[in-house]
file upload_8.txt (compact mmCIF, C-alpha atoms)
# COMPACT_ATOMS: atom_id res chain seq x y z
CA MET A 1348 -42.08 107.52 -23.32
CA GLN A 1349 -43.18 107.39 -26.91
CA GLN A 1350 -42.94 109.70 -29.90
CA ARG A 1351 -46.05 111.72 -30.54
CA ALA A 1352 -48.39 110.89 -33.40
CA PHE A 1353 -47.58 112.74 -36.59
CA GLY A 1354 -50.85 114.68 -36.62
CA ASP A 1355 -50.31 116.13 -33.16
CA LEU A 1356 -48.17 119.03 -34.38
CA GLU A 1357 -49.37 121.49 -31.74
CA ALA A 1358 -48.30 119.09 -29.01
CA VAL A 1359 -44.95 118.45 -30.72
CA ILE A 1360 -44.26 122.19 -30.90
CA MET A 1361 -45.28 122.78 -27.28
CA ASP A 1362 -42.86 119.99 -26.28
CA ARG A 1363 -40.05 121.86 -28.07
CA VAL A 1364 -40.93 125.21 -26.58
CA TRP A 1365 -41.21 123.77 -23.06
CA ASP A 1366 -37.94 121.87 -23.39
CA ARG A 1367 -36.03 125.09 -24.14
CA GLN A 1368 -35.79 127.66 -21.45
CA GLU A 1369 -35.12 130.66 -23.73
CA PRO A 1370 -37.45 132.21 -26.36
CA VAL A 1371 -37.55 130.51 -29.75
CA THR A 1372 -38.30 131.60 -33.32
CA VAL A 1373 -40.40 129.74 -35.88
CA ARG A 1374 -37.24 129.16 -37.91
CA GLU A 1375 -35.50 127.43 -34.99
CA VAL A 1376 -38.46 125.14 -34.35
CA PHE A 1377 -38.75 124.40 -38.06
CA ASP A 1378 -35.03 123.50 -38.31
CA GLU A 1379 -35.35 121.08 -35.39
CA LEU A 1380 -38.47 119.42 -36.82
CA ALA A 1381 -37.23 119.32 -40.41
CA ALA A 1382 -34.24 117.28 -39.26
CA GLU A 1383 -36.64 114.52 -38.19
CA ARG A 1384 -39.57 114.67 -40.57
CA GLN A 1385 -40.90 116.05 -43.84
CA ILE A 1386 -42.53 119.35 -42.92
CA ALA A 1387 -43.16 122.74 -44.54
CA TYR A 1388 -42.02 125.98 -42.93
CA THR A 1389 -45.46 127.53 -43.42
CA THR A 1390 -47.07 124.63 -41.51
CA VAL A 1391 -44.89 125.34 -38.49
CA LEU A 1392 -45.54 129.08 -38.88
CA SER A 1393 -49.33 128.72 -38.96
CA THR A 1394 -49.37 126.17 -36.11
CA MET A 1395 -47.35 128.50 -33.87
CA ASP A 1396 -49.62 131.37 -34.87
CA ASN A 1397 -52.60 129.23 -33.81
CA LEU A 1398 -50.94 128.41 -30.49
CA HIS A 1399 -50.43 132.14 -29.92
CA ARG A 1400 -54.08 132.80 -30.73
CA LYS A 1401 -55.13 130.08 -28.26
CA LYS A 1402 -52.85 131.71 -25.64
CA TRP A 1403 -50.53 128.74 -25.28
CA LEU A 1404 -47.63 130.86 -26.62
CA ASN A 1405 -46.67 134.47 -26.01
CA ARG A 1406 -44.67 136.31 -28.63
CA GLU A 1407 -42.57 139.41 -28.87
CA ARG A 1408 -41.23 141.04 -32.00
CA SER A 1409 -37.47 140.96 -32.33
CA GLY A 1410 -36.27 142.53 -35.57
CA LYS A 1411 -38.07 140.81 -38.44
CA ALA A 1412 -39.10 137.67 -36.55
CA TYR A 1413 -41.23 136.86 -33.51
CA LEU A 1414 -39.71 135.31 -30.41
CA TYR A 1415 -42.10 132.77 -28.85
CA THR A 1416 -42.27 131.67 -25.22
CA ALA A 1417 -44.75 129.38 -23.43
CA SER A 1418 -47.44 131.38 -21.65
CA MET A 1419 -47.39 128.84 -18.82
CA SER A 1420 -44.87 126.17 -17.89
CA ARG A 1421 -45.80 122.52 -18.39
CA GLU A 1422 -46.01 122.18 -14.58
CA GLU A 1423 -48.48 125.07 -14.34
CA ARG A 1424 -50.55 123.60 -17.17
CA SER A 1425 -50.50 120.15 -15.54
CA ALA A 1426 -51.61 121.59 -12.21
CA ARG A 1427 -54.45 123.43 -13.90
CA LEU A 1428 -55.54 120.37 -15.88
CA MET A 1429 -55.58 118.25 -12.72
CA ARG A 1430 -57.51 120.89 -10.81
CA ASP A 1431 -60.12 120.95 -13.60
CA ALA A 1432 -60.29 117.15 -13.50
CA PHE A 1433 -60.56 116.77 -9.72
CA GLU A 1434 -63.09 119.55 -9.43
CA SER A 1435 -65.25 118.24 -12.26
CA GLY A 1436 -68.44 116.32 -11.69
CA GLY A 1437 -70.85 119.23 -11.43
CA ASP A 1438 -73.89 119.01 -13.63
CA THR A 1439 -72.65 121.55 -16.14
CA ASP A 1440 -69.11 120.26 -16.19
CA MET A 1441 -67.47 117.64 -18.39
CA VAL A 1442 -67.88 113.89 -18.06
CA LEU A 1443 -64.75 112.16 -16.78
CA ALA A 1444 -64.65 108.52 -15.85
CA PHE A 1445 -62.29 108.43 -12.87
CA PHE A 1446 -60.94 105.00 -12.10
CA VAL A 1447 -61.90 105.62 -8.53
CA GLU A 1448 -62.72 108.52 -6.24
CA GLN A 1449 -61.15 109.06 -2.86
CA MET A 1450 -62.43 107.31 0.26
CA ASN A 1451 -62.35 108.41 3.86
CA ALA A 1452 -60.40 106.50 6.50
CA GLY A 1453 -63.35 104.36 7.70
CA GLU A 1454 -64.25 103.26 4.21
CA SER A 1455 -60.63 102.53 3.53
CA ALA A 1456 -60.46 100.22 6.56
CA GLN A 1457 -63.60 98.34 5.40
CA PHE A 1458 -62.04 98.09 1.98
CA LYS A 1459 -58.84 96.56 3.39
CA ALA A 1460 -60.89 94.01 5.31
CA ALA A 1461 -62.69 93.04 2.09
CA LEU A 1462 -59.35 92.70 0.36
CA ARG A 1463 -58.07 90.37 3.12
CA ARG A 1464 -61.21 88.23 2.79
CA ALA A 1465 -60.67 88.00 -0.95
CA GLY A 1466 -57.03 87.03 -0.35
CA ARG A 1467 -58.04 84.18 1.98
CA GLN A 1468 -60.50 82.74 -0.52
CA ARG A 1469 -57.80 82.14 -3.06
CA MET B 1248 -109.36 108.62 -25.51
CA THR B 1249 -108.64 108.10 -21.86
CA THR B 1250 -105.46 106.38 -23.10
CA ALA B 1251 -103.60 109.71 -23.19
CA VAL B 1252 -104.50 110.40 -19.57
CA TRP B 1253 -103.52 106.89 -18.54
CA LEU B 1254 -100.20 107.21 -20.35
CA LEU B 1255 -99.50 110.39 -18.39
CA VAL B 1256 -100.38 108.67 -15.14
CA TYR B 1257 -98.16 105.75 -16.11
CA GLY B 1258 -95.22 108.05 -16.97
CA GLY B 1259 -95.68 109.82 -13.64
CA ALA B 1260 -95.79 106.53 -11.76
CA LEU B 1261 -92.56 105.43 -13.44
CA THR B 1262 -90.90 108.77 -12.67
CA TRP B 1263 -91.64 108.69 -8.95
CA LEU B 1264 -92.07 105.00 -8.11
CA ALA B 1265 -89.45 103.28 -10.29
CA PRO B 1266 -86.32 104.84 -8.69
CA PRO B 1267 -86.67 103.23 -5.22
CA LEU B 1268 -87.53 99.84 -6.73
CA LEU B 1269 -84.74 99.89 -9.32
CA THR B 1270 -82.23 101.18 -6.77
CA ARG B 1271 -83.00 98.20 -4.53
CA LEU B 1272 -82.79 95.75 -7.42
CA THR B 1273 -79.59 97.02 -9.03
CA ARG B 1274 -77.53 98.51 -6.16
CA SER B 1275 -75.58 95.33 -5.40
CA GLY B 1276 -74.33 95.15 -8.98
CA VAL B 1277 -74.89 91.40 -9.27
CA THR B 1278 -75.66 91.77 -12.98
CA PRO B 1279 -74.62 95.36 -13.82
CA HIS B 1280 -75.41 95.12 -17.54
CA MET B 1281 -78.99 94.10 -16.87
CA GLY B 1282 -79.25 96.72 -14.16
CA ILE B 1283 -78.33 99.39 -16.69
CA ALA B 1284 -80.83 97.92 -19.16
CA ALA B 1285 -83.58 98.11 -16.53
CA TRP B 1286 -82.83 101.78 -15.73
CA LEU B 1287 -82.68 102.72 -19.42
CA THR B 1288 -85.94 100.88 -20.10
CA ALA B 1289 -87.68 102.85 -17.35
CA ILE B 1290 -86.24 106.16 -18.58
CA ALA B 1291 -87.15 105.47 -22.21
CA ALA B 1292 -90.64 104.29 -21.23
CA ALA B 1293 -91.28 107.47 -19.19
CA LEU B 1294 -90.16 109.67 -22.10
CA LEU B 1295 -92.22 107.70 -24.61
CA ALA B 1296 -95.28 107.81 -22.35
CA TRP B 1297 -95.08 111.62 -22.33
CA VAL B 1298 -94.57 111.86 -26.11
CA GLY B 1299 -97.33 109.31 -26.72
CA ALA B 1300 -99.79 111.12 -24.46
CA VAL B 1301 -99.18 114.48 -26.13
CA ALA B 1302 -99.41 112.96 -29.61
CA LEU B 1303 -102.64 111.08 -28.84
CA ALA B 1304 -104.23 114.17 -27.31
CA ALA B 1305 -103.20 116.30 -30.30
CA VAL B 1306 -104.57 113.79 -32.82
CA ALA B 1307 -107.79 113.50 -30.89
CA ALA B 1308 -108.15 117.30 -30.74
CA VAL B 1309 -107.67 117.63 -34.50
CA ASP B 1310 -110.15 114.82 -35.16
CA GLY B 1311 -112.56 116.36 -32.72
CA MET B 1312 -112.46 119.75 -34.42
CA ARG B 1313 -112.99 118.18 -37.80
CA ASP B 1314 -115.97 116.15 -36.65
CA SER B 1315 -117.28 118.91 -34.40
CA THR B 1316 -117.26 116.48 -31.56
CA ALA B 1317 -114.71 118.47 -29.66
CA VAL B 1318 -117.10 118.76 -26.78
CA THR B 1319 -117.30 115.03 -26.21
CA LEU B 1320 -113.57 114.69 -26.72
CA CYS B 1321 -112.82 117.24 -24.05
CA LEU B 1322 -115.37 115.72 -21.77
CA LYS B 1323 -113.59 112.42 -22.04
CA LEU B 1324 -110.12 113.90 -21.92
CA PHE B 1325 -110.44 116.27 -19.03
CA GLY B 1326 -113.74 115.31 -17.44
CA LEU B 1327 -115.15 118.80 -17.96
CA ASP B 1328 -118.71 119.78 -17.22
CA GLU B 1329 -121.16 119.20 -20.08
CA ARG B 1330 -122.42 122.76 -19.80
CA ALA B 1331 -119.01 124.30 -20.44
CA PRO B 1332 -118.24 123.22 -24.00
CA LEU B 1333 -116.37 126.28 -25.27
CA PRO B 1334 -113.80 126.58 -22.49
CA GLY B 1335 -113.33 122.84 -22.95
CA LEU B 1336 -112.28 123.16 -26.58
CA LEU B 1337 -110.16 126.19 -25.86
CA GLY B 1338 -108.72 124.48 -22.83
CA SER B 1339 -107.70 121.35 -24.70
CA VAL B 1340 -105.97 123.42 -27.40
CA VAL B 1341 -104.17 125.51 -24.77
CA LEU B 1342 -103.10 122.36 -22.89
CA ILE B 1343 -101.78 120.66 -26.01
CA VAL B 1344 -99.91 123.76 -27.17
CA THR B 1345 -98.40 124.09 -23.68
CA ALA B 1346 -97.39 120.43 -23.65
CA VAL B 1347 -95.71 120.72 -27.05
CA ALA B 1348 -93.94 123.92 -25.98
CA VAL B 1349 -92.70 122.30 -22.75
CA SER B 1350 -91.42 119.31 -24.75
CA ALA B 1351 -89.58 121.61 -27.15
CA VAL B 1352 -87.96 123.53 -24.29
CA VAL B 1353 -86.84 120.30 -22.59
CA VAL B 1354 -85.44 118.87 -25.84
CA SER B 1355 -83.46 122.03 -26.53
CA ARG B 1356 -82.16 122.18 -22.93
CA VAL B 1357 -81.03 118.56 -23.08
CA GLY B 1358 -79.41 119.21 -26.45
CA ARG B 1359 -77.54 122.26 -25.19
CA SER B 1360 -76.46 120.48 -22.01
CA VAL B 1361 -75.10 117.49 -23.94
CA ALA B 1362 -73.33 119.76 -26.45
CA GLY B 1363 -71.71 121.67 -23.57
CA LEU B 1364 -70.54 118.50 -21.81
CA ARG B 1365 -69.17 117.18 -25.09
CA ALA B 1366 -67.30 120.40 -25.93
CA ARG B 1367 -65.71 120.70 -22.48
CA SER B 1368 -64.73 117.01 -22.47
CA HIS B 1369 -63.14 117.28 -25.91
CA GLU B 1370 -61.27 120.42 -24.86
CA HIS B 1371 -59.97 118.64 -21.76
CA ALA B 1372 -58.83 115.65 -23.85
CA ARG B 1373 -57.06 117.99 -26.26
CA GLU B 1374 -55.27 119.83 -23.45
CA ALA B 1375 -54.31 116.52 -21.85
CA ARG B 1376 -52.73 115.39 -25.12
CA MET B 1377 -50.67 118.59 -25.31
CA ILE B 1378 -49.61 118.66 -21.67
CA GLY B 1379 -49.20 114.95 -20.98
CA HIS B 1380 -46.35 112.74 -22.08
CA PRO B 1381 -47.36 110.02 -24.52
CA THR B 1382 -46.65 106.41 -23.51
CA ASP B 1383 -46.18 103.16 -25.41
CA ARG B 1384 -49.84 102.39 -24.72
CA PRO B 1385 -52.08 104.08 -27.31
CA GLY B 1386 -54.15 106.97 -26.00
CA VAL B 1387 -52.56 106.89 -22.54
CA LEU B 1388 -50.94 110.14 -21.34
CA VAL B 1389 -48.90 110.73 -18.23
CA VAL B 1390 -49.44 114.04 -16.46
CA GLU B 1391 -47.20 115.20 -13.64
CA ALA B 1392 -49.12 115.28 -10.36
CA HIS B 1393 -48.46 113.88 -6.88
CA ARG B 1394 -51.97 112.65 -6.36
CA PRO B 1395 -52.41 109.12 -7.71
CA ALA B 1396 -55.30 109.17 -10.18
CA ALA B 1397 -56.41 107.72 -13.49
CA TYR B 1398 -59.35 108.75 -15.62
CA CYS B 1399 -60.53 108.81 -19.18
CA VAL B 1400 -62.26 111.56 -21.10
CA SER B 1401 -63.92 111.44 -24.50
CA GLY B 1402 -62.45 113.49 -27.30
CA LYS B 1403 -61.09 113.21 -30.80
CA PRO B 1404 -59.24 111.02 -30.02
CA ASN B 1405 -60.17 109.95 -26.49
CA ALA B 1406 -57.58 110.37 -23.76
CA ILE B 1407 -56.70 108.24 -20.74
CA VAL B 1408 -54.83 110.32 -18.19
CA VAL B 1409 -52.59 108.73 -15.58
CA THR B 1410 -50.73 110.87 -13.04
CA THR B 1411 -47.09 110.30 -12.19
CA GLY B 1412 -48.33 109.68 -8.63
CA ALA B 1413 -50.35 106.70 -9.90
CA LEU B 1414 -47.40 105.38 -11.91
CA ASP B 1415 -45.24 105.45 -8.78
CA ALA B 1416 -47.88 103.69 -6.67
CA LEU B 1417 -48.92 100.87 -9.03
CA ASP B 1418 -46.96 97.92 -10.33
CA ARG B 1419 -47.22 96.87 -13.97
CA THR B 1420 -50.12 94.41 -13.62
CA GLN B 1421 -52.09 96.77 -11.40
CA LEU B 1422 -51.57 99.57 -13.90
CA SER B 1423 -52.72 97.26 -16.71
CA ALA B 1424 -55.85 96.42 -14.75
CA VAL B 1425 -56.59 100.12 -14.14
CA LEU B 1426 -56.05 100.93 -17.82
CA ALA B 1427 -58.23 97.98 -18.90
CA HIS B 1428 -60.98 99.47 -16.74
CA GLU B 1429 -60.62 102.83 -18.50
CA ASN B 1430 -60.45 101.17 -21.93
CA ALA B 1431 -63.71 99.37 -21.15
CA HIS B 1432 -65.35 102.78 -20.59
CA ILE B 1433 -64.09 103.98 -23.96
CA ALA B 1434 -64.91 100.78 -25.86
CA GLY B 1435 -68.42 100.71 -24.38
CA HIS B 1436 -69.11 104.38 -25.22
CA HIS B 1437 -69.94 104.93 -21.57
CA HIS B 1438 -69.17 108.66 -21.80
CA GLN B 1439 -71.73 109.24 -24.51
CA LEU B 1440 -74.43 107.43 -22.53
CA LEU B 1441 -73.55 109.35 -19.37
CA MET B 1442 -73.63 112.67 -21.21
CA VAL B 1443 -77.20 112.06 -22.40
CA LEU B 1444 -78.32 110.89 -18.95
CA ARG B 1445 -76.60 113.85 -17.26
CA GLY B 1446 -78.21 116.18 -19.80
CA LEU B 1447 -81.65 114.75 -18.95
CA ALA B 1448 -80.95 114.96 -15.22
CA THR B 1449 -79.87 118.62 -15.35
CA SER B 1450 -82.77 119.59 -17.62
CA LEU B 1451 -85.39 117.80 -15.48
CA PRO B 1452 -83.95 118.16 -11.97
CA ARG B 1453 -87.28 117.68 -10.19
CA LEU B 1454 -88.00 114.30 -11.75
CA PRO B 1455 -86.33 111.64 -9.58
CA LEU B 1456 -86.19 108.96 -12.29
CA PHE B 1457 -83.72 111.01 -14.35
CA ARG B 1458 -81.68 112.35 -11.44
CA ILE B 1459 -81.33 109.06 -9.58
CA GLY B 1460 -81.11 107.06 -12.81
CA ALA B 1461 -78.11 109.04 -14.08
CA ALA B 1462 -76.20 108.44 -10.83
CA ALA B 1463 -77.19 104.77 -10.60
CA VAL B 1464 -76.20 104.04 -14.21
CA ALA B 1465 -72.85 105.80 -13.62
CA ASP B 1466 -72.13 103.46 -10.69
CA LEU B 1467 -73.23 100.39 -12.67
CA LEU B 1468 -71.00 101.40 -15.61
CA GLU B 1469 -68.03 101.43 -13.20
CA MET B 1470 -68.94 97.86 -12.22
CA CYS B 1471 -69.15 96.79 -15.88
CA ALA B 1472 -65.70 98.28 -16.49
CA ASP B 1473 -64.40 96.52 -13.34
CA ASP B 1474 -65.69 93.18 -14.65
CA ALA B 1475 -63.99 93.73 -18.01
CA ALA B 1476 -60.67 94.55 -16.29
CA ALA B 1477 -60.94 91.67 -13.81
CA ARG B 1478 -61.60 89.20 -16.63
CA ARG B 1479 -58.31 90.17 -18.27
CA PHE B 1480 -56.00 90.78 -15.33
CA GLY B 1481 -57.65 89.09 -12.35
CA THR B 1482 -59.56 90.46 -9.40
CA ARG B 1483 -56.63 91.05 -7.11
CA PRO B 1484 -54.59 93.54 -9.18
CA LEU B 1485 -57.77 95.50 -9.77
CA LEU B 1486 -58.67 95.53 -6.07
CA VAL B 1487 -55.16 96.63 -5.10
CA GLY B 1488 -55.36 99.30 -7.80
CA LEU B 1489 -58.69 100.48 -6.38
CA LEU B 1490 -57.28 100.62 -2.88
CA THR B 1491 -54.09 102.38 -3.95
CA LEU B 1492 -55.84 105.08 -5.94
CA ALA B 1493 -58.77 105.50 -3.55
CA GLY B 1494 -56.91 105.28 -0.25
CA PRO B 1495 -57.07 108.33 1.99
CA GLN B 1496 -54.56 110.87 0.77
CA ARG B 1497 -52.45 113.14 2.85
CA LEU B 1498 -53.79 115.94 0.70
CA PRO B 1499 -56.54 118.17 2.04
CA ALA B 1500 -60.04 116.70 1.79
CA ASP B 1501 -61.89 118.05 -1.19
CA GLY B 1502 -65.45 116.77 -1.21
CA LEU B 1503 -64.77 113.75 -3.37
CA ALA B 1504 -64.78 111.49 -0.32
CA ALA B 1505 -68.57 111.22 -0.52
CA ALA B 1506 -68.10 108.95 -3.52
CA GLY B 1507 -66.26 106.45 -1.34
CA THR B 1508 -69.32 104.31 -0.62
CA ALA B 1509 -69.64 103.55 -4.34
CA VAL B 1510 -66.00 102.46 -4.35
CA LEU B 1511 -66.64 100.21 -1.37
CA ALA B 1512 -69.59 98.57 -3.14
CA ARG B 1513 -67.36 97.93 -6.14
CA ALA B 1514 -64.66 96.39 -3.94
CA LEU B 1515 -67.09 94.18 -2.04
CA ARG B 1516 -68.64 92.70 -5.16
CA LEU B 1517 -65.19 92.03 -6.64
CA ALA B 1518 -63.89 90.49 -3.43
CA ASP B 1519 -67.00 88.43 -2.81
CA PRO B 1520 -68.74 87.68 -6.13
CA ALA B 1521 -72.40 86.67 -6.10
CA ARG B 1522 -73.14 82.97 -6.41
CA PRO B 1523 -74.78 81.74 -9.67
CA GLY B 1524 -78.13 81.18 -7.92
CA MET B 1525 -78.14 84.78 -6.77
CA GLN B 1526 -77.24 85.93 -10.29
CA TRP B 1527 -80.16 84.02 -11.78
CA ARG B 1528 -82.59 85.38 -9.22
CA GLN B 1529 -81.39 88.87 -10.10
CA ARG B 1530 -81.70 88.23 -13.84
CA ILE B 1531 -85.26 86.95 -13.46
CA ALA B 1532 -86.28 89.88 -11.24
CA LEU B 1533 -84.81 92.43 -13.66
CA SER B 1534 -86.31 90.72 -16.74
CA ALA B 1535 -89.72 90.74 -15.08
CA THR B 1536 -89.31 94.43 -14.21
CA MET B 1537 -88.37 95.33 -17.78
CA ALA B 1538 -91.18 93.23 -19.26
CA THR B 1539 -93.68 94.91 -16.95
CA THR B 1540 -92.35 98.36 -17.81
CA VAL B 1541 -92.70 97.74 -21.53
CA THR B 1542 -96.05 95.92 -21.55
CA ALA B 1543 -97.87 98.09 -18.99
CA PRO B 1544 -99.04 100.69 -21.58
CA ALA B 1545 -100.49 97.93 -23.79
CA VAL B 1546 -102.33 96.43 -20.82
CA ILE B 1547 -103.66 99.88 -19.93
CA ASP B 1548 -104.86 100.35 -23.50
CA LEU B 1549 -106.66 96.99 -23.43
CA LEU B 1550 -108.34 97.84 -20.14
CA CYS B 1551 -109.45 101.21 -21.52
CA HIS B 1552 -111.29 99.72 -24.46
call {"tool": "encode", "arguments": {"input": "upload_8.txt", "output": "structure tokens"}}
result
Amino acid sequence: MQQRAFGDLEAVIMDRVWDRQEPVTVREVFDELAAERQIAYTTVLSTMDNLHRKKWLNRERSGKAYLYTASMSREERSARLMRDAFESGGDTDMVLAFFVEQMNAGESAQFKAALRRAGRQR
Amino acid sequence: MTTAVWLLVYGGALTWLAPPLLTRLTRSGVTPHMGIAAWLTAIAAALLAWVGAVALAAVAAVDGMRDSTAVTLCLKLFGLDERAPLPGLLGSVVLIVTAVAVSAVVVSRVGRSVAGLRARSHEHAREARMIGHPTDRPGVLVVEAHRPAAYCVSGKPNAIVVTTGALDALDRTQLSAVLAHENAHIAGHHHQLLMVLRGLATSLPRLPLFRIGAAAVADLLEMCADDAAARRFGTRPLLVGLLTLAGPQRLPADGLAAAGTAVLARALRLADPARPGMQWRQRIALSATMATTVTAPAVIDLLCH
């Protein structure tokens, strides 16, 4: 697995939040990120505020700071993304280019026969 | 001035008669690029025939009013009775205004449909980038899911999503072949073309050329992407990749199985490529079809005068 691109700060922050089980403050996320890259505290603050506005993060006030948690786990998000993808294809939906769609058993058998023929030709 | 009427007739003929012919000519995917070109030529010609007919009729109506020969114009245009001049003039104006209004409604519906498809695709790509794990291949994201699948979606930037199920099922070469297929979609701007065709198809659902054309071009684009992947990684890894990702799953059936015949057609043409003679026959047939589509209006115009 590869490091994320520098511009993808929202994704980087979601990675951090998902990796921790307990709630996290902006300061804690900033400290972690600042150890690895040049970044301003206000950038982290506004990005996490955006993520809260987009309902990726929930927050709760604790003293002077907010405690952030992910509104959904990465697994829940993945399941939802895949459901959207597999159920797409309607006229008003998005355009996805699936490598291949599922076949039924009969088509699959024909397919295997074609594959065997191709194998013999080589 | 009968040209406008003939253009309309021509556009109608293309809309209803071209789909069965083009389906027969392009279904096998012997030369998918030319097949796509033939479909797009027919679609563009039908649209231009409509625009041309409306424009010619409008120009003629304006000329007619200026020269006070509106009566003869309408006679020619709509074959109205000589003794009904006034309704003729009124009628032609009403018809032209209606035609322009219909065109405007269709254009705005297509525009809205394409904008919606684009926005939802970009949103999906953005979510995939946040949820998925990046890989050492640029733009490729791994999302946790049992079901083996791979797809690409346009966005800023585009995203290619591969499930962990697909990673487990494919070896390295097969995965490369699958990703080369998806990269071919992105490099060829296939999404953008499909969005416009889908927008036309949803906005004009009763016109078979647009509905059938959008589906046919989608299938042919898959074949183009297959060819690009097979050129780089060989036919066999791609075929095994197809079989692995399309094989019947132990998951509940979900309506996607209907697409299986298209997969089978892709597999058969990869496993058993057309001979050069067959390819040339196909090229000649498609070139002749396109040439006829483009030159027909000019021939009609010559015959009219």
call {"tool": "interface_residues", "arguments": {"input": "upload_8.txt", "of": "chain B", "to": "chain A", "cutoff": "7 Å", "atoms": "all atoms listed in the file", "output": "PyMOL selection string"}}
result
chain B and resi 1364-1365+1367-1368+1376-1378+1380-1383+1390-1391+1397-1400+1425+1429+1438+1442+1445+1449+1489+1492-1495+1503-1504+1506-1507+1510-1511+1514-1515+1518-1519
call {"tool": "atom_distance", "arguments": {"input": "upload_8.txt", "atom1": "CA of Ala1251 (chain B)", "atom2": "CA of Ala1296 (chain B)"}}
result
8.6 Å
call {"tool": "residues_near_point", "arguments": {"input": "upload_8.txt", "point": "(-53.0, 129.9, -22.4)", "cutoff": "6 Å", "atoms": "all atoms listed in the file", "output": "ChimeraX atom specification"}}
result
/A:1402-1403,1418
call {"tool": "write_last_selection", "arguments": {"input": "upload_8.txt", "atoms": "C-alpha atoms", "output": "tab-separated table (two decimals), in the coordinates of the input"}}
result
chain	number	residue	atom	x	y	z
A	1402	LYS	CA	-52.85	131.71	-25.64
A	1403	TRP	CA	-50.53	128.74	-25.28
A	1418	SER	CA	-47.44	131.38	-21.65
call {"tool": "atom_distance", "arguments": {"input": "upload_8.txt", "atom1": "CA of Thr1345 (chain B)", "atom2": "CA of Ser1450 (chain B)"}}
result
17.4 Å
call {"tool": "residues_around", "arguments": {"input": "upload_8.txt", "residues": "Val1373 (chain A)", "least_positions_apart": "6", "cutoff": "12 Å", "atoms": "only C-alpha atoms", "output": "number ranges by chain"}}
result
A: 1360, 1363-1364, 1379-1381, 1387-1396, 1398-1399, 1404, 1406, 1408, 1411-1416
call {"tool": "closest_residue", "arguments": {"input": "upload_8.txt", "among": "A:Ala1382, A:Met1419, A:Asn1405, A:Arg1430", "to": "Pro1370 (chain A)", "atoms": "all atoms listed in the file"}}
result
A:Asn1405
call {"tool": "atom_distance", "arguments": {"input": "upload_8.txt", "atom1": "CA of Pro1455 (chain B)", "atom2": "CA of Leu1294 (chain B)"}}
result
13.2 Å
call {"tool": "decode", "arguments": {"input": "upload_8.txt", "residues": "region 1373-1382 of chain A", "atoms": "N, CA, C and O atoms", "output": "PDB file, in the first residue's frame"}}
result
ATOM      1  N   VAL A1373      -8.562  17.851  17.060  1.00  0.00           N
ATOM      2  CA  VAL A1373      -7.826  18.428  15.928  1.00  0.00           C
ATOM      3  C   VAL A1373      -6.338  18.490  16.269  1.00  0.00           C
ATOM      4  O   VAL A1373      -5.481  18.159  15.446  1.00  0.00           O
ATOM      5  N   ARG A1374      -6.037  18.856  17.519  1.00  0.00           N
ATOM      6  CA  ARG A1374      -4.651  18.994  17.946  1.00  0.00           C
ATOM      7  C   ARG A1374      -3.896  17.671  17.798  1.00  0.00           C
ATOM      8  O   ARG A1374      -2.777  17.626  17.299  1.00  0.00           O
ATOM      9  N   GLU A1375      -4.556  16.570  18.185  1.00  0.00           N
ATOM     10  CA  GLU A1375      -3.896  15.259  18.103  1.00  0.00           C
ATOM     11  C   GLU A1375      -3.610  14.875  16.649  1.00  0.00           C
ATOM     12  O   GLU A1375      -2.522  14.391  16.326  1.00  0.00           O
ATOM     13  N   VAL A1376      -4.596  15.137  15.789  1.00  0.00           N
ATOM     14  CA  VAL A1376      -4.385  14.823  14.364  1.00  0.00           C
ATOM     15  C   VAL A1376      -3.269  15.690  13.804  1.00  0.00           C
ATOM     16  O   VAL A1376      -2.387  15.215  13.087  1.00  0.00           O
ATOM     17  N   PHE A1377      -3.304  16.979  14.175  1.00  0.00           N
ATOM     18  CA  PHE A1377      -2.282  17.907  13.686  1.00  0.00           C
ATOM     19  C   PHE A1377      -0.890  17.448  14.126  1.00  0.00           C
ATOM     20  O   PHE A1377       0.045  17.427  13.311  1.00  0.00           O
ATOM     21  N   ASP A1378      -0.750  17.059  15.398  1.00  0.00           N
ATOM     22  CA  ASP A1378       0.569  16.629  15.901  1.00  0.00           C
ATOM     23  C   ASP A1378       1.089  15.435  15.108  1.00  0.00           C
ATOM     24  O   ASP A1378       2.254  15.381  14.730  1.00  0.00           O
ATOM     25  N   GLU A1379       0.189  14.482  14.833  1.00  0.00           N
ATOM     26  CA  GLU A1379       0.607  13.302  14.058  1.00  0.00           C
ATOM     27  C   GLU A1379       1.069  13.698  12.661  1.00  0.00           C
ATOM     28  O   GLU A1379       2.104  13.237  12.181  1.00  0.00           O
ATOM     29  N   LEU A1380       0.270  14.577  11.999  1.00  0.00           N
ATOM     30  CA  LEU A1380       0.596  14.958  10.620  1.00  0.00           C
ATOM     31  C   LEU A1380       1.836  15.830  10.565  1.00  0.00           C
ATOM     32  O   LEU A1380       2.660  15.690   9.653  1.00  0.00           O
ATOM     33  N   ALA A1381       1.970  16.739  11.532  1.00  0.00           N
ATOM     34  CA  ALA A1381       3.089  17.684  11.520  1.00  0.00           C
ATOM     35  C   ALA A1381       4.417  16.959  11.672  1.00  0.00           C
ATOM     36  O   ALA A1381       5.461  17.461  11.245  1.00  0.00           O
ATOM     37  N   ALA A1382       4.375  15.764  12.279  1.00  0.00           N
ATOM     38  CA  ALA A1382       5.613  14.993  12.424  1.00  0.00           C
ATOM     39  C   ALA A1382       6.101  14.500  11.064  1.00  0.00           C
ATOM     40  O   ALA A1382       7.275  14.169  10.912  1.00  0.00           O
TER      41      ALA A1382
END
